[in-house]
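Participant: The structure is given below, and queries will be raised subsequently.
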Amino acid sequence: MLRSHSRPSSRSLGRFGLGESKAPKHILAGALRICFFALVLFGSLSAPTFAQTDVALETDSPIVLEIRVQGNQRYTRDQLVAALGQAEGVPLDRRGVTEGLDVLWRSFHVVPRVSYRVVEGGVALLLEVEEIPSDFEPRFVGNSEIDQDELYEWAGLEEGEEIYLNRIPRIRQALIDAYLEEGYYFVEISDHVKSGGEDLPGGASDVFFEIREGPRVKVMDVVYDGNLSLPNDRFLFWRTGLSVLGEVETGKRGFPFFLRSHLVQQTLDSDMVAMRNVYRDLGWLDAVVELDHLEFNRERDEVKIHLAIDEGEPYRVGSLSVVGVQRVRDPSDPNRIQRKPVELRFSEEELLELSNLEVGGLFEQRLINRDKFRLRTYYGEHGYISHNTLPILERFEFLEPQLIYDVEQNLVHVTYVLAQGQQHFIQEILFVGTDKTQDRVLRRELSIFPGEVADLKEIDDSLRRIRSIAAFRNGLNQYQIPAEYRFVETADSAWKNLEFTVSESSILRFDISAAAGSGVGITGGINLQLHNFDATRLPSSWNPWTAIQEIAAGKAFHGAGQTLNLRLFPGTEISTYSIEFREPDLFTRHIDRYSLSLSAFRRLSGFDTHEEERREVGFRIGKQLSPDSSVFAGYSTGEVKIDELETAGEPSLTSPLAVPQLLADQEGELDLASIEFGYNWRSLDFPIAPNSGHLLSYSTEVFDKALGSDAEFVSTNFVFDWYIPIGEDIGAPRSRFRTRFDLGFAEAYGDSKTVPYSERYFLGGRSLRGFDRRGVGPNENGAPIGGETKVAARLEYIFPLFSGVEPGTYQRQEKFTGAIFYDVGILDTDSFSLDTGELRSSAGFSVSLWLGLPLTLSFGFPIDEGQGDDKRVFRFDIGIR
């Protein structure tokens, strides 16, 4: 009777049984065979004790005069003697022979035995080997869905590879496990061995695996019975409930959405454990989630899973207290850490005010996690640092809380245990990895200084700002290690040196790239970027080759933290040519610094109604107010040229469409000059794909004839962007809400009766997805006329789809994200006025890829639209912006 993998109807899920033998005479043979495999398997896990017969020798190291080998069939004498490590004509090395026996077993899978015989002048050595039977090429029969190559891969074999009988049970189990992971729930595999004979050389055996695959089972539905507190609900793309909180994979739809998952017992078991943990984290400590039954169809290729859930009663917090401990080394065992009670550094009442866990409230693990973070932050702001580079006896740590359960009252008495550590101060701040960069470039981003208490919040904020410096990050280099910090010991344990380690990105970045977007056409060109520029550090020679070499090596035009960008991007609808220089620390003050920006650009834009050329040069001076905020003022001058109007004036037979009168009035050149002032505040955690933080921008621009402008008007703009993270996984990519408000007001004054057409506000495209660029709002003769008042808002739910670990860290950075959005906007032709009848809105979803070349695909569906609007459901943007 062959052994087989069977599933009795009364078996527990995930367990495998041996097929029952119908022939009694085969029971003993089968049992002996199983015992043989077990013995061989045991031998493969740990080498057996090999025999080495000892004899009385005249000396400890007699000369080995002869080595004979017996029992070898597949291997030559020379191969075995070489593995043994003992040669003829040299003294006997007993230790070497002992090691050689182990080599023979592991290399050749033979059971060796050595004996000695004293002869005149030395000793003769006899090596007897017993070769374990092998099969030159195992076979697979019965497989139809999985091909031979994949079976060999699952078994960990190369085609034609020699295997030993002791590997058969492991290969069989590996095949079963692989089939089960692919959803072949009813798979059965038997192994068959034919002992070696005359037709099988060297005592080899013939092995084949008989496979009965069965159907691949799709999960059609998962029925939850009893999850009254966490029902599974769904609205459009929004899902809530137990399956979402437990991140259940069983029954989850794939992509495309009509693809169904397969029944994998291991995944189902893991999902049930995850759901039990969800209940425990939310206070239902007695909750049970278990499999009720599996409902298969007649063909057994589809299943409906029924889960039985008993929530029980939720546990509440009976009491909450905080105690402090000090960690010390055990005098009798320095490797052992002991705790001893100490007074809290802050009053218990003060610490409990920070707590989200409340007496009488549900006992929720997420609230404990939140309290852990808040207490760590609070202590960290006062110098009690939680960081792995500090000695364990000195650092703060939120230890495992002490919990006392009252099962009769469903209460948990909670005590937070704080290892408070030692208060730390900053002695020096050092930078590593800045060989080519001036120290002040990084030091100006700090909000923590020598001599101060080691405030962990300010240290983390300083790190965030350092990571945002373009000179120390490269979005195209996924292997660049991001900046980190550590604490370095000094003579006084209370004083630490704070050391930032950074990795400079490419010194000279020269991109030849392309960008595309629906509504803006295709562009391509070059982008020269020097993010750590130094205008005063000249090359030693102006020979072009020498200068380029010195720039690339960081010996010229490098190290002061200035930026120089040169962009040459011709396109089908928009062409941009620009140069920009920025000095973030004009007077090298580090703190309360001034910045200077110089820019010049030329942009050619093609619209359905006309062509527009804009030229501008200007400068801006900024003043830092805080590490994350600044004010600025500047001046710019330029001109706007509008020509090639499609039609002008009233419609006619030859020109059935007319452009708006405002556009026709501006045909030709218009000189513009303005002064500008404003305010910026930025606290985003990542410069690209932020998880949390704020961005606030305000600016007012005044165009006046006294400045050289043909038109007189004032333009004021507000932008507020807010990322609100969801979840407790601090420091990892998380789902978050994004809320953005964009307000703009423009008003003419003096001799100007209206704001020029080119300077008005427009909506559509990126600002209002679901509509084309400049495709919404008031229009005239089928063309947009823009507005003097703009209000736009966006509510977006962003969730990570794929993330990768940053090199050299444990942190994960997003690579692929999805989003659900709602956009709304209003344009009004009058300043400081809003006509709600002009409201436009849309909803949709998007996916974004953040791997060097940003790619965003958006699908927007208009909800509120007006006559003459130009809709565009699909939009994509690709390129380095």
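Ordering of the structure tokens sets the chain letters (A, B, ...), residue numbers begin anew at 1 in every chain, and ligands are numbered from 1 in the order given.
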List the spatial neighbours of range 715-725 of chain A as a PyMOL selection string - criterion: any atom at most 8 Å away, only C-alpha atoms, same-chain residues fewer than 6 positions off excluded.

Facilitator: chain A and resi 690-702+734-747

Participant: Quick one: of A:Leu399, A:Val342, A:Ala308, A:Leu175, who's nearest to Glu188 in chain A, counting only C-alpha atoms?

Facilitator: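 For Glu188 in chain A, the nearest of the candidates is A:Leu175.
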
Participant: For Asp281 in chain A, which of A:Gly156, A:Pro314, A:Gly360, A:Pro91 is the closest residue, counting only C-alpha atoms?

Facilitator: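 For Asp281 in chain A, the nearest of the candidates is A:Pro314.
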
Participant: Do you have the CA of Phe587 in chain A-CA of His531 in chain A distance handy?

Facilitator: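 A separation of 18.7 Å between them.
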
Participant: What residues in range 657-798 of chain A get the DSSP label strand (DSSP E or B)? Please answer as a PyMOL selection string.

Facilitator: chain A and resi 668-682+693-703+713-725+736-748+761+763+770-771+776+779-780+783-784+787+789-798

Participant: Just the number, please: distance in Å from CA of Tyr179 in chain A to CA of Tyr152 in chain A, one decimal.

Facilitator: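 Atom-to-atom, CA of Tyr179 in chain A to CA of Tyr152 in chain A, that is 12.7 Å.
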
Participant: Running DSSP on the backbone, which parts of range 380-615 of chain A land in alpha helix (DSSP H), as a compact mmCIF listing (two decimals) with all heavy atoms, in the first residue's frame?

Facilitator:
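To be explicit, this is the file written out as states.txt:
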```txt
# COMPACT_ATOMS: atom_id res chain seq x y z
N GLY A 380 10.81 63.30 26.46
CA GLY A 380 11.86 63.69 25.53
C GLY A 380 12.05 65.17 25.42
O GLY A 380 13.17 65.67 25.24
N GLU A 381 10.96 65.94 25.55
CA GLU A 381 11.07 67.40 25.50
C GLU A 381 11.82 67.95 26.70
O GLU A 381 12.30 69.10 26.66
CB GLU A 381 9.67 68.02 25.43
CG GLU A 381 8.97 67.77 24.10
CD GLU A 381 7.55 68.29 24.11
OE1 GLU A 381 7.08 68.68 25.21
OE2 GLU A 381 6.90 68.29 23.05
N ASP A 439 29.96 73.51 7.00
CA ASP A 439 29.25 73.13 8.22
C ASP A 439 27.96 73.94 8.40
O ASP A 439 26.94 73.43 8.84
CB ASP A 439 30.17 73.32 9.42
CG ASP A 439 29.54 72.88 10.72
OD1 ASP A 439 29.51 71.67 10.98
OD2 ASP A 439 29.04 73.74 11.47
N ARG A 440 27.97 75.20 7.99
CA ARG A 440 26.82 76.08 8.21
C ARG A 440 25.60 75.65 7.40
O ARG A 440 24.47 76.00 7.76
CB ARG A 440 27.20 77.52 7.86
CG ARG A 440 27.50 77.77 6.39
CD ARG A 440 27.97 79.21 6.15
NE ARG A 440 28.27 79.47 4.77
CZ ARG A 440 27.39 79.95 3.88
NH1 ARG A 440 26.15 80.18 4.28
NH2 ARG A 440 27.75 80.19 2.65
N VAL A 441 25.81 74.90 6.31
CA VAL A 441 24.68 74.47 5.49
C VAL A 441 23.72 73.60 6.30
O VAL A 441 22.50 73.74 6.19
CB VAL A 441 25.19 73.71 4.25
CG1 VAL A 441 24.04 73.11 3.47
CG2 VAL A 441 26.02 74.63 3.37
N LEU A 442 24.26 72.74 7.13
CA LEU A 442 23.42 71.90 7.98
C LEU A 442 23.08 72.59 9.29
O LEU A 442 21.97 72.43 9.82
CB LEU A 442 24.13 70.57 8.26
CG LEU A 442 24.31 69.65 7.05
CD1 LEU A 442 25.20 68.49 7.41
CD2 LEU A 442 22.96 69.16 6.57
N ARG A 443 24.02 73.34 9.83
CA ARG A 443 23.81 73.93 11.16
C ARG A 443 22.64 74.93 11.15
O ARG A 443 21.97 75.12 12.16
CB ARG A 443 25.09 74.59 11.64
CG ARG A 443 25.18 74.77 13.14
CD ARG A 443 26.59 75.09 13.57
NE ARG A 443 27.50 73.98 13.34
CZ ARG A 443 27.66 72.95 14.17
NH1 ARG A 443 26.92 72.88 15.27
NH2 ARG A 443 28.51 72.00 13.89
N LEU A 456 14.01 66.11 22.52
CA LEU A 456 13.87 65.13 21.45
C LEU A 456 13.00 65.66 20.32
O LEU A 456 13.25 65.35 19.14
CB LEU A 456 13.28 63.83 22.00
CG LEU A 456 13.27 62.63 21.05
CD1 LEU A 456 14.68 62.26 20.64
CD2 LEU A 456 12.58 61.44 21.70
N LYS A 457 12.00 66.46 20.62
CA LYS A 457 11.15 67.00 19.57
C LYS A 457 11.95 67.92 18.65
O LYS A 457 11.84 67.84 17.42
CB LYS A 457 9.97 67.76 20.17
CG LYS A 457 9.01 68.35 19.14
CD LYS A 457 7.88 69.11 19.80
CE LYS A 457 6.93 69.66 18.75
NZ LYS A 457 7.61 70.58 17.81
N GLU A 458 12.76 68.79 19.24
CA GLU A 458 13.56 69.70 18.42
C GLU A 458 14.63 68.94 17.64
O GLU A 458 14.96 69.30 16.51
CB GLU A 458 14.20 70.77 19.30
CG GLU A 458 13.20 71.70 19.96
CD GLU A 458 12.34 72.45 18.96
OE1 GLU A 458 12.80 72.66 17.82
OE2 GLU A 458 11.20 72.81 19.31
N ILE A 459 15.15 67.88 18.23
CA ILE A 459 16.15 67.07 17.51
C ILE A 459 15.50 66.39 16.31
O ILE A 459 16.05 66.38 15.20
CB ILE A 459 16.77 66.02 18.46
CG1 ILE A 459 17.57 66.73 19.56
CG2 ILE A 459 17.66 65.05 17.70
CD1 ILE A 459 18.09 65.81 20.64
N ASP A 460 14.30 65.82 16.50
CA ASP A 460 13.61 65.17 15.39
C ASP A 460 13.20 66.18 14.32
O ASP A 460 13.27 65.88 13.12
CB ASP A 460 12.37 64.42 15.91
CG ASP A 460 12.73 63.16 16.68
OD1 ASP A 460 13.84 62.64 16.47
OD2 ASP A 460 11.91 62.70 17.49
N ASP A 461 12.77 67.37 14.75
CA ASP A 461 12.44 68.40 13.76
C ASP A 461 13.67 68.83 12.98
O ASP A 461 13.60 69.09 11.76
CB ASP A 461 11.82 69.62 14.46
CG ASP A 461 10.38 69.36 14.90
OD1 ASP A 461 9.78 68.38 14.42
OD2 ASP A 461 9.87 70.13 15.74
N SER A 462 14.81 68.93 13.65
CA SER A 462 16.06 69.27 12.95
C SER A 462 16.40 68.20 11.93
O SER A 462 16.82 68.51 10.80
CB SER A 462 17.19 69.43 13.97
OG SER A 462 16.92 70.47 14.89
N LEU A 463 16.23 66.94 12.31
CA LEU A 463 16.50 65.85 11.37
C LEU A 463 15.57 65.93 10.17
O LEU A 463 15.99 65.72 9.03
CB LEU A 463 16.33 64.51 12.09
CG LEU A 463 16.53 63.26 11.21
CD1 LEU A 463 17.97 63.17 10.73
CD2 LEU A 463 16.14 62.01 11.97
N ARG A 464 14.31 66.24 10.41
CA ARG A 464 13.35 66.36 9.29
C ARG A 464 13.78 67.43 8.32
O ARG A 464 13.73 67.24 7.09
CB ARG A 464 11.96 66.67 9.86
CG ARG A 464 10.94 67.06 8.80
CD ARG A 464 9.59 67.36 9.41
NE ARG A 464 9.62 68.37 10.44
CZ ARG A 464 9.64 69.68 10.21
NH1 ARG A 464 9.67 70.12 8.96
NH2 ARG A 464 9.66 70.54 11.20
N ARG A 465 14.23 68.57 8.83
CA ARG A 465 14.64 69.65 7.94
C ARG A 465 15.92 69.30 7.20
O ARG A 465 16.08 69.64 6.02
CB ARG A 465 14.81 70.94 8.75
CG ARG A 465 13.49 71.56 9.20
CD ARG A 465 13.71 72.92 9.83
NE ARG A 465 14.38 72.81 11.12
CZ ARG A 465 13.75 72.69 12.28
NH1 ARG A 465 12.44 72.65 12.32
NH2 ARG A 465 14.42 72.62 13.41
N ILE A 466 16.85 68.60 7.86
CA ILE A 466 18.08 68.18 7.17
C ILE A 466 17.75 67.22 6.04
O ILE A 466 18.30 67.29 4.94
CB ILE A 466 19.06 67.55 8.18
CG1 ILE A 466 19.63 68.62 9.11
CG2 ILE A 466 20.18 66.81 7.47
CD1 ILE A 466 20.49 68.08 10.23
N ARG A 467 16.81 66.30 6.30
CA ARG A 467 16.43 65.35 5.26
C ARG A 467 15.75 66.02 4.08
O ARG A 467 15.76 65.48 2.97
CB ARG A 467 15.50 64.29 5.85
CG ARG A 467 16.20 63.27 6.73
CD ARG A 467 15.22 62.23 7.22
NE ARG A 467 15.90 61.14 7.91
CZ ARG A 467 15.27 60.10 8.45
NH1 ARG A 467 13.94 60.03 8.39
NH2 ARG A 467 15.94 59.14 9.05
N SER A 468 15.14 67.18 4.31
CA SER A 468 14.46 67.86 3.22
C SER A 468 15.40 68.68 2.36
O SER A 468 15.01 69.16 1.29
CB SER A 468 13.36 68.77 3.78
OG SER A 468 13.92 69.86 4.50
N PRO A 544 37.50 73.90 -20.12
CA PRO A 544 36.20 73.23 -19.94
C PRO A 544 36.32 71.84 -19.31
O PRO A 544 35.54 71.50 -18.41
CB PRO A 544 35.65 73.16 -21.37
CG PRO A 544 36.31 74.30 -22.08
CD PRO A 544 37.68 74.40 -21.49
N TRP A 545 37.27 71.03 -19.76
CA TRP A 545 37.39 69.67 -19.23
C TRP A 545 37.81 69.70 -17.76
O TRP A 545 37.26 68.97 -16.92
CB TRP A 545 38.37 68.87 -20.05
CG TRP A 545 38.58 67.47 -19.55
CD1 TRP A 545 39.71 66.94 -19.06
CD2 TRP A 545 37.59 66.44 -19.49
NE1 TRP A 545 39.52 65.63 -18.69
CE2 TRP A 545 38.21 65.29 -18.94
CE3 TRP A 545 36.24 66.37 -19.82
CZ2 TRP A 545 37.52 64.10 -18.74
CZ3 TRP A 545 35.56 65.19 -19.63
CH2 TRP A 545 36.20 64.07 -19.08
N THR A 546 38.77 70.57 -17.43
CA THR A 546 39.23 70.68 -16.04
C THR A 546 38.11 71.19 -15.14
O THR A 546 37.89 70.69 -14.03
CB THR A 546 40.44 71.62 -15.96
OG1 THR A 546 41.49 71.11 -16.78
CG2 THR A 546 40.94 71.72 -14.52
N ALA A 547 37.38 72.20 -15.61
CA ALA A 547 36.30 72.77 -14.81
C ALA A 547 35.20 71.74 -14.55
O ALA A 547 34.70 71.62 -13.42
CB ALA A 547 35.72 73.99 -15.52
N ILE A 548 34.84 70.97 -15.57
CA ILE A 548 33.79 69.95 -15.39
C ILE A 548 34.25 68.89 -14.40
O ILE A 548 33.48 68.44 -13.53
CB ILE A 548 33.43 69.31 -16.75
CG1 ILE A 548 32.71 70.34 -17.63
CG2 ILE A 548 32.56 68.07 -16.56
CD1 ILE A 548 32.43 69.87 -19.03
N GLN A 549 35.51 68.47 -14.48
CA GLN A 549 36.04 67.47 -13.56
C GLN A 549 36.01 67.98 -12.12
O GLN A 549 35.64 67.25 -11.19
CB GLN A 549 37.47 67.09 -13.96
CG GLN A 549 37.54 66.17 -15.17
CD GLN A 549 38.96 65.74 -15.46
OE1 GLN A 549 39.90 66.55 -15.42
NE2 GLN A 549 39.15 64.47 -15.74
N GLU A 550 36.40 69.24 -11.91
CA GLU A 550 36.41 69.80 -10.57
C GLU A 550 34.99 69.98 -10.03
O GLU A 550 34.73 69.76 -8.84
CB GLU A 550 37.17 71.13 -10.56
CG GLU A 550 38.66 70.98 -10.80
CD GLU A 550 39.40 72.29 -10.64
OE1 GLU A 550 38.74 73.31 -10.32
OE2 GLU A 550 40.63 72.31 -10.81
N ILE A 551 34.06 70.34 -10.89
CA ILE A 551 32.66 70.46 -10.45
C ILE A 551 32.12 69.09 -10.06
O ILE A 551 31.48 68.94 -9.02
CB ILE A 551 31.80 71.10 -11.56
CG1 ILE A 551 32.22 72.55 -11.78
CG2 ILE A 551 30.32 71.02 -11.20
CD1 ILE A 551 31.55 73.21 -12.97
N ALA A 552 32.38 68.08 -10.88
CA ALA A 552 31.88 66.73 -10.59
C ALA A 552 32.50 66.17 -9.32
O ALA A 552 31.86 65.39 -8.60
CB ALA A 552 32.17 65.81 -11.77
```

Participant: In Å, how far is it from CA of Pro627 in chain A to CA of Ile385 in chain A?

Facilitator: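 Straight-line distance from CA of Pro627 in chain A to CA of Ile385 in chain A works out to 21.9 Å.
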
Participant: Show which residues sit within 9 Å of range 239-241 of chain A, as a list in words. Count only C-alpha atoms, and ignore same-chain residues fewer than 6 positions away.

Facilitator: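 Here the qualifying residues turn out to be Asn227, Ser229, Leu230, Pro231, Asn232 and Asp233 of chain A.
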
Participant: With C-alpha atoms kept, could you save the residues just selected as a CSV table (one decimal), in the first residue's frame?

Facilitator:
```
chain,number,residue,atom,x,y,z
A,227,ASN,CA,-19.4,40.6,14.9
A,229,SER,CA,-19.7,45.6,17.5
A,230,LEU,CA,-17.5,45.6,14.3
A,231,PRO,CA,-19.8,44.9,11.3
A,232,ASN,CA,-18.3,44.9,7.9
A,233,ASP,CA,-19.7,47.8,5.9
```

Participant: Excluding Val264 in chain A and residues on its chain fewer than 5 positions from it, collect all residues at most 9 Å away from it, counting only C-alpha atoms, and give them as a ChimeraX atom specification.

Facilitator: /A:180-185,217,250,269

Participant: What would the file look like if the residues just selected were written as an mmCIF file, in the first residue's frame with C-alpha atoms?

Facilitator:
```cif
data_model
loop_
_atom_site.group_PDB
_atom_site.id
_atom_site.type_symbol
_atom_site.label_atom_id
_atom_site.label_comp_id
_atom_site.auth_asym_id
_atom_site.auth_seq_id
_atom_site.Cartn_x
_atom_site.Cartn_y
_atom_site.Cartn_z
ATOM 1 C CA LEU A 180 -1.711 24.508 -0.420
ATOM 2 C CA GLU A 181 -0.286 28.045 -0.673
ATOM 3 C CA GLU A 182 -1.607 28.199 -4.237
ATOM 4 C CA GLY A 183 -5.120 27.241 -3.133
ATOM 5 C CA TYR A 184 -5.162 23.500 -3.960
ATOM 6 C CA TYR A 185 -6.952 22.664 -0.754
ATOM 7 C CA VAL A 217 -10.556 26.572 -4.617
ATOM 8 C CA THR A 250 -8.950 35.603 2.888
ATOM 9 C CA ASP A 269 -5.640 30.703 10.317
#
```

Participant: Please identify all polymer residues within 8 Å of Ser605 in chain A, counting only C-alpha atoms, omitting same-chain residues fewer than 2 positions from it, and present them as a count of residues only.

Facilitator: 8

Participant: Can you tell me, as a short mmCIF file (atom, residue, chain, number, x, y, z; two decimals) with all heavy atoms, in the first residue's frame, what residues are no more than 12 Å from Leu839 in chain A when counting only C-alpha atoms, ignoring any on the same chain fewer than 5 positions away?

Facilitator:
```cif
data_model
loop_
_atom_site.label_atom_id
_atom_site.label_comp_id
_atom_site.auth_asym_id
_atom_site.auth_seq_id
_atom_site.Cartn_x
_atom_site.Cartn_y
_atom_site.Cartn_z
N LEU A 763 -9.73 77.43 -13.40
CA LEU A 763 -9.82 76.14 -12.72
C LEU A 763 -9.93 75.02 -13.75
O LEU A 763 -10.39 75.22 -14.87
CB LEU A 763 -11.04 76.09 -11.80
CG LEU A 763 -10.98 76.88 -10.49
CD1 LEU A 763 -12.31 76.78 -9.76
CD2 LEU A 763 -9.85 76.37 -9.60
N LEU A 768 -8.81 71.01 -10.43
CA LEU A 768 -10.17 70.48 -10.32
C LEU A 768 -10.26 69.31 -11.28
O LEU A 768 -10.61 69.45 -12.46
CB LEU A 768 -11.20 71.57 -10.66
CG LEU A 768 -12.66 71.24 -10.37
CD1 LEU A 768 -12.87 70.90 -8.89
CD2 LEU A 768 -13.55 72.40 -10.77
N VAL A 776 -13.42 75.01 -16.66
CA VAL A 776 -14.64 75.26 -15.89
C VAL A 776 -14.77 76.75 -15.61
O VAL A 776 -13.83 77.53 -15.75
CB VAL A 776 -14.63 74.48 -14.56
CG1 VAL A 776 -14.52 73.01 -14.80
CG2 VAL A 776 -13.52 74.96 -13.64
N GLY A 777 -15.95 77.10 -15.15
CA GLY A 777 -16.19 78.47 -14.73
C GLY A 777 -16.93 79.28 -15.78
O GLY A 777 -17.38 78.76 -16.80
N PRO A 778 -17.04 80.55 -15.56
CA PRO A 778 -17.73 81.40 -16.52
C PRO A 778 -17.05 81.33 -17.89
O PRO A 778 -15.81 81.25 -17.98
CB PRO A 778 -17.61 82.80 -15.91
CG PRO A 778 -17.33 82.57 -14.45
CD PRO A 778 -16.57 81.29 -14.39
N LYS A 790 -11.27 83.31 -6.72
CA LYS A 790 -11.17 81.85 -6.84
C LYS A 790 -11.22 81.23 -5.45
O LYS A 790 -10.53 81.68 -4.53
CB LYS A 790 -9.86 81.45 -7.51
CG LYS A 790 -9.63 79.94 -7.56
CD LYS A 790 -8.25 79.58 -8.07
CE LYS A 790 -7.16 79.94 -7.07
NZ LYS A 790 -5.83 79.43 -7.48
N VAL A 791 -12.03 80.19 -5.30
CA VAL A 791 -12.05 79.36 -4.10
C VAL A 791 -12.00 77.91 -4.55
O VAL A 791 -12.87 77.47 -5.31
CB VAL A 791 -13.31 79.61 -3.24
CG1 VAL A 791 -13.33 78.66 -2.05
CG2 VAL A 791 -13.37 81.05 -2.77
N ALA A 792 -11.02 77.20 -4.12
CA ALA A 792 -10.89 75.78 -4.47
C ALA A 792 -10.53 75.00 -3.22
O ALA A 792 -9.78 75.49 -2.36
CB ALA A 792 -9.83 75.58 -5.55
N ALA A 793 -11.07 73.81 -3.11
CA ALA A 793 -10.80 72.96 -1.95
C ALA A 793 -10.69 71.52 -2.41
O ALA A 793 -11.26 71.12 -3.44
CB ALA A 793 -11.88 73.11 -0.89
N ASP A 823 -13.04 67.13 -5.16
CA ASP A 823 -12.58 68.48 -5.48
C ASP A 823 -13.78 69.40 -5.66
O ASP A 823 -14.82 68.99 -6.22
CB ASP A 823 -11.76 68.49 -6.77
CG ASP A 823 -10.44 67.73 -6.62
OD1 ASP A 823 -10.08 67.40 -5.48
OD2 ASP A 823 -9.78 67.48 -7.65
N VAL A 824 -13.64 70.63 -5.22
CA VAL A 824 -14.71 71.61 -5.39
C VAL A 824 -14.07 72.97 -5.64
O VAL A 824 -12.98 73.27 -5.13
CB VAL A 824 -15.62 71.64 -4.14
CG1 VAL A 824 -14.84 72.06 -2.90
CG2 VAL A 824 -16.82 72.56 -4.35
N GLY A 825 -14.73 73.79 -6.45
CA GLY A 825 -14.18 75.10 -6.74
C GLY A 825 -15.24 76.05 -7.28
O GLY A 825 -16.27 75.63 -7.83
N ILE A 826 -14.98 77.35 -7.11
CA ILE A 826 -15.87 78.40 -7.62
C ILE A 826 -15.00 79.49 -8.23
O ILE A 826 -14.00 79.91 -7.64
CB ILE A 826 -16.75 79.02 -6.51
CG1 ILE A 826 -17.62 77.96 -5.85
CG2 ILE A 826 -17.63 80.13 -7.09
CD1 ILE A 826 -18.45 78.51 -4.70
N LEU A 827 -15.37 79.94 -9.41
CA LEU A 827 -14.77 81.13 -10.03
C LEU A 827 -15.85 82.19 -10.16
O LEU A 827 -16.99 81.89 -10.58
CB LEU A 827 -14.22 80.81 -11.42
CG LEU A 827 -12.87 80.11 -11.51
CD1 LEU A 827 -12.50 79.88 -12.97
CD2 LEU A 827 -11.79 80.93 -10.83
N ASP A 828 -15.51 83.40 -9.79
CA ASP A 828 -16.45 84.52 -9.94
C ASP A 828 -15.77 85.62 -10.74
O ASP A 828 -14.59 85.93 -10.50
CB ASP A 828 -16.89 85.04 -8.58
CG ASP A 828 -18.15 85.89 -8.66
OD1 ASP A 828 -18.12 86.95 -9.31
OD2 ASP A 828 -19.17 85.45 -8.09
N LEU A 834 -18.64 85.78 -4.56
CA LEU A 834 -18.80 84.36 -4.86
C LEU A 834 -20.23 84.10 -5.31
O LEU A 834 -21.19 84.40 -4.58
CB LEU A 834 -18.48 83.50 -3.64
CG LEU A 834 -17.01 83.27 -3.31
CD1 LEU A 834 -16.89 82.41 -2.06
CD2 LEU A 834 -16.28 82.63 -4.47
N PRO A 862 -17.18 64.46 -12.90
CA PRO A 862 -17.88 65.68 -12.48
C PRO A 862 -19.19 65.39 -11.77
O PRO A 862 -19.95 64.51 -12.18
CB PRO A 862 -18.12 66.41 -13.81
CG PRO A 862 -17.07 65.87 -14.73
CD PRO A 862 -16.89 64.43 -14.33
N ILE A 863 -19.44 66.13 -10.71
CA ILE A 863 -20.70 66.04 -9.96
C ILE A 863 -21.55 67.27 -10.24
O ILE A 863 -22.70 67.18 -10.65
CB ILE A 863 -20.44 65.88 -8.46
CG1 ILE A 863 -19.67 64.57 -8.19
CG2 ILE A 863 -21.75 65.89 -7.69
CD1 ILE A 863 -19.27 64.39 -6.75
N ASP A 864 -20.95 68.44 -9.99
CA ASP A 864 -21.61 69.71 -10.32
C ASP A 864 -20.90 70.31 -11.52
O ASP A 864 -19.69 70.58 -11.45
CB ASP A 864 -21.55 70.67 -9.13
CG ASP A 864 -22.34 70.15 -7.93
OD1 ASP A 864 -23.56 70.04 -8.04
OD2 ASP A 864 -21.70 69.85 -6.90
N GLU A 865 -21.62 70.53 -12.60
CA GLU A 865 -21.02 71.09 -13.80
C GLU A 865 -21.94 72.16 -14.37
O GLU A 865 -23.12 72.25 -14.00
CB GLU A 865 -20.77 69.99 -14.82
CG GLU A 865 -22.00 69.16 -15.16
CD GLU A 865 -21.67 68.00 -16.08
OE1 GLU A 865 -21.49 68.27 -17.27
OE2 GLU A 865 -21.57 66.86 -15.59
N GLY A 866 -21.40 72.97 -15.27
CA GLY A 866 -22.17 74.05 -15.87
C GLY A 866 -22.10 74.02 -17.37
O GLY A 866 -21.31 73.26 -17.98
N GLN A 867 -22.89 74.85 -17.98
CA GLN A 867 -22.94 74.91 -19.43
C GLN A 867 -21.60 75.40 -19.98
O GLN A 867 -21.03 76.36 -19.50
CB GLN A 867 -24.07 75.84 -19.88
CG GLN A 867 -24.27 75.89 -21.39
CD GLN A 867 -25.44 76.77 -21.77
OE1 GLN A 867 -26.04 77.41 -20.90
NE2 GLN A 867 -25.77 76.83 -23.06
N ASP A 869 -18.76 73.74 -19.86
CA ASP A 869 -17.60 73.14 -19.21
C ASP A 869 -16.97 72.08 -20.10
O ASP A 869 -17.66 71.35 -20.82
CB ASP A 869 -17.99 72.51 -17.87
CG ASP A 869 -18.33 73.55 -16.82
OD1 ASP A 869 -18.01 74.72 -17.05
OD2 ASP A 869 -18.91 73.17 -15.79
#
```

Participant: Would you pick out the contacts of Ile675 in chain A at 10 Å or less, using only C-alpha atoms, so that residues sharing its chain but fewer than 5 positions from it are not included, and give the list as a ChimeraX atom specification?

Facilitator: /A:618-620,633-637,700-704,707,714
